[in-house]
Amino acid sequence: MEDVAASLSNFLSSPSKEIRSVESIVFSSFNPPPSYRRLAGDLIYLDVITLEGNKYCITGTTKFFHVNSSTGDILDPRPIKANFESTTLIGLLQKISSKFKKAFREILERKASAHPFENVQSLLPPNSWLGLYPVPDHKRDAARAEEALTLSYGSDLLGMQRDWNEELQACRDFPHTTPQERILRDRALYKVTSDFVDAASNGAIGVISRCIPPINPTDPECFHMYVHNNIFYSFAVDADLEQLPKRHASVNNPKIEGSINSLKNTDENDGNSSCFKVSNGCISESDGSNPSELSGATGLPTETQLAESEQATYASANNDLKGTKAYQEADVPGLYNLAMAIIDYRGHRVIAQSVLPGILQGDKSESLIYGSVDNGKKIYWNEDFHSKVVKAAKTLHLKEHEVLDEAGNVFKLAGPVECKGIVGSDDRHYLLDLMRVTPRDANYNGPGSRFCVLRPELVTAFCQAEAAEKTKGKSSVEEEHVAAPDLPNVADVNDLVEDKADPASASDSQFAAKVQKNETLQECGSTPTASSCQEIYFNPNVFTEFKLAGTPEEIAADEENVKKATQYLTDVVLPKFIQDLCTLEVSPMDGQTLTEALHAHGINIRYIGKVAEMTKHLPHLWDLCSSEVVVRSAKHIIKDVLRDTEDHDIGPAISHLFNCLFGNCQIVGAKGANSMQSKTQKKENSGKSSRGQSRWKSGASERKNQPSYMSINSESLWSDIQEFAKIKYQFEMPEDARARVKKVSVIRNLCQKVGVTIVAHKYELGAAAPFQTSDILNLQPVVKHSVPVCSEAKDLVETGKLQLAEGMLSEAYTLFSEAFSILQQVTGPMHREVANCCRYLAMVLYHAGDMAGAIIQQHKELIINERCLGLDHPDTAHSYGNMALFYHGLNQTELALRHMSRALLLLSLSSGPDHPDVAATFINVAMMYQDIGKMDTALRYLQEALKKNERLLGEEHIQTAVCYHALAIAFNCMGAYKLSHQHEKKTYDILVKQLGEEDSRTRDSQNWMKTFKMREIQMNAQKQKGQVLNAASAQKAVDILKANPDLMHAFQAAANSGGTTSSSNTSVKKSLNAAIASEVGAHPRGRGVDERAARAAAEVRKKAAARGLLIRPHGVPVQAVPPLTQLLNIINSGMTPDSSTNNEEMEVANTKVEDGNLSNVQETATEEKPKLDKEDQAPVGLGKGLSALDSKKQKMKQKAAA
């Protein structure tokens, strides 16, 4: 855990050895078949080289495959041998090559031996940020080359192009009245949308790489549009960096500094400024109907105005995608949306949409029947279209309201003014440009905040909270703000902590929020005023530049609603989210899970600075928030640099920027600075061009001088990051932020957000330049999409969670199984929701005691998470942790420890070594070592977990109490009852302060304290009793020996020749030897026992011991005279090593201790069920507890007796 950078080399396992079955199979250059051979049935010719080195030319006909007689450059279609033919190509290859037959059988066996899920392809696999090291050799592969030529950026040149829009809308028109019809409809929608996203990603690469020409090359480049594979592409611009610099830029880094300055000096009229958006050929503009209007109105050059008009397009694209997804989920009959995806690649953001029918076939201005294209100057309205929009608005909590156009006409709308309702050539009603389907965030109303809107999760939660307040009456208003209904029901604290026993659920940020919403919806539905949940609607056009037509009172009420929702976010949701973070109910591991947690609670990512300020007392959360701010700020800057970087400089630019961020790159020579200064002056004189022009234009002076990225150094980059974080996220980074950042976690997060793949080897992150150009392996597109989810399966999972929380295992298992079956049919096995079903099924089976079944389901979840989320996703790490616990439940501790080791590696990559989940994993590992008897190792892990929790969470956190309790159990297993009592006392003190004395967990801790104290007293009493017995037994033995002088010599001989007597009898030997010595001084020594007989008896004892037979203690004479028997009985009764243990066990067995439930406190640390002794109903603890200790003592007793 200490050297995370070194673990990168161990992260990727070496791929299994490839099984080669044939040297090569390629299309023959004899293709296509000549006409006379086509008439004979020839379809294709293949050139094959087998592993034996033989070359064959194979003919594929309408009947079979056969080897022809061609040897050189002339085709000879005659079969070479009569038996060299088969109806399949595989069958023919098996005939001509024995090595192919053997290798093909091995391939099939390997496939059959693997898990079935491992042979299923993931439709949308995640990008890997690490690549194999050393980099595999790139070998010749003619088949790979042919595939690259035949597939052109997602479209098959040989086949017919797919009409994505028609496929998507036809699938939406499927009947969906019965469950089976809904499954078929969801399956078709999922498949078409997934294929569209895949094709759009490939096409966007072609657009950005300039391999696809625009359809309007004569227009300004910022308005360029592309159509490829029936997908429409347009560019979005980073609003935070691509604005015109208004002031002098920095000499060292003019590009970035100018962009930062543009953030500060945003146009004062931003609320009314132009905002152009290209959507399927329609150019939407805010303050001018055409570019010339803009130029005339402001007196600035057209290109300069266009550059300024492109503000907020990143935000508008994100909001448009969320709005499209919201209307798709509303699923109003007759209202359609386009398929949409956002692709970020090489610093550019491309919006991909399915082509609107008829939009490219001439002037279709009359097809616009709803909304506005000119910022509300002219508004279109249609009653039929409006009725459909109203149905969707009710689901989305949008209010039907009145607005005014420029002429003063009043229109009723149920959505944002800038949305567009268009009738396509297929007579379907399409709704586009859904950037504001939620109200404006009242906390952000300054310049540049036009698209700062509330999240739909917050709107839903606020409406539920207001409805619950109305049902409970005015007297409970204050209570509702303390415990909002959209937040967790903490009715049973034990169940809540027990849910955290599953490490995956501890970091599943969406679990709690979804369960909360489901509970609240059911609550609202069960009340007499069920419709009150739908009574609160928001006007999306308040706090905007659009003119509202309602009365002042109505407008004020609409604004008050939005203000109340915003206040609800800051006063209720944010504090409750911080509380959940502090109690570890929500435990994000990395930037991705933190973002998901924020969004699930309805919090926008722009509030991350406030979250960081509120979690300063928790180091791991502050580090996580600050690292996310650093990554997001650096992402904008790096993407801005990549946009202006030539193709041949992409690798060097990324490595240089990484060195500036994680190393210590100094300023390059003054020559580069001067050239950049001159470039800045040109920008100041002429104004920054539009996005397209800044992208394509590269002057001759730039080519001569060094690339622009070389002017960036570590100081300037970190300065820009700090300034960007302050402006964008209101986050003040400390001066030592650069030194405090967790470099490996930040590298991972940044690579995932930018799409970079680096070599997986150890990086010297303390060096000035830890990255080389050869370390950058790939740059991949990062995709955002709106692939639909199966709502029916989602509802089943939510209900199953509630059943599981209530302990109804059978009902929960049925629901999860049904959801799993539906998702299998809709999405296939490779989907995140399927993994969630498998996890919950494993939890149900585990709680039911079926460990084998739990492992089967957990293995499925592990495979899916690795394939769909990534090898190092936190959910994947928790899958390994759960698998380890289940294996440990089957007593396969060595296998469990290997899984735990993998889980710790993944957690260290995603969050670093300092995280409460790592401490919880340490406790799990300690319990496993404890149960196999390695107490020293277990104690080291427990001590390390205690240090982490005290440092990260505080000395009085409940998780710290968990560590103290685990240490108490460990010391109890070692027999150190005094230390156990001390640690349990600390546990009790923490629980009393945090939960109170009446809490069940506090009472359980008190019972543990009593138990440990009782055992400590018993052990002390046994020690004292043993000392008295030792003295009395020794005196009796001396008296017997004095009465029987012959025995003196026998015991002396036995004591001298024994040597293997138990160490626990040392005091007996000393007493006997002392007695013998005193007697020898008084009497002459006799012959004693015959030495040969003693040696023979010793041999017999050794053989008997080898066979496991019971024998007499070594060194005792063979003669069994009554005095000797009496002596042995006295010695054995007083000196048995385990006598005190046996007495203690008997007393503990007679002591009735209440079966506590303290294990709930540490359920995040272990899922171990208490293993109670048959006679001892001991309190619940970690590991096997005292039962393991008793079994070990029994074994020690047998060995001592032997």
# chains A, B, ... in the order shown; residues from 1 in each chain; ligands from 1
call {"tool": "select_by_dssp", "arguments": {"residues": "range 348-443 of chain A", "states": "strand (DSSP E)", "output": "list in words"}}
result
His348, Arg349, Val350, Ile351, Ala352, Gln353, Ser354, Leu368, Ile369, Tyr370, Gly371, His401, Glu402, Val403, Leu404, Val410, Phe411, Lys412, Leu413, Lys420, Gly421, Ile422, Val423, His429, Tyr430, Leu431 and Leu432 of chain A
call {"tool": "atom_distance", "arguments": {"atom1": "CA of Arg643 in chain A", "atom2": "CA of Ser708 in chain A"}}
result
11.1 Å
call {"tool": "closest_residue", "arguments": {"among": "A:Tyr537, A:Tyr345, A:Phe658, A:Phe411", "to": "Thr438 in chain A", "atoms": "only C-alpha atoms"}}
result
A:Tyr537
call {"tool": "atom_distance", "arguments": {"atom1": "CA of Ser425 in chain A", "atom2": "CA of Ala170 in chain A"}}
result
14.5 Å
call {"tool": "closest_residue", "arguments": {"among": "A:Ala549, A:Ala767, A:Met340, A:Ile25", "to": "Leu168 in chain A", "atoms": "only C-alpha atoms"}}
result
A:Met340
call {"tool": "residues_around", "arguments": {"residues": "Asp936 in chain A", "least_positions_apart": "3", "cutoff": "12 Å", "atoms": "only C-alpha atoms", "output": "PyMOL selection string"}}
result
chain A and resi 926-927+929-933+939-943+967+970-971+973-974
call {"tool": "residues_around", "arguments": {"residues": "range 946-948 of chain A", "least_positions_apart": "3", "cutoff": "7 Å", "atoms": "only C-alpha atoms", "output": "list in words"}}
result
Asp914, Ala919, Leu942, Gln943, Arg951, Leu952, Thr960 and Cys963 of chain A
call {"tool": "residues_around", "arguments": {"residues": "Arg632 in chain A", "least_positions_apart": "3", "cutoff": "10 Å", "atoms": "only C-alpha atoms", "output": "ChimeraX atom specification"}}
result
/A:591,626-629,635-638,721,724-725,728-729,749-750,753-754
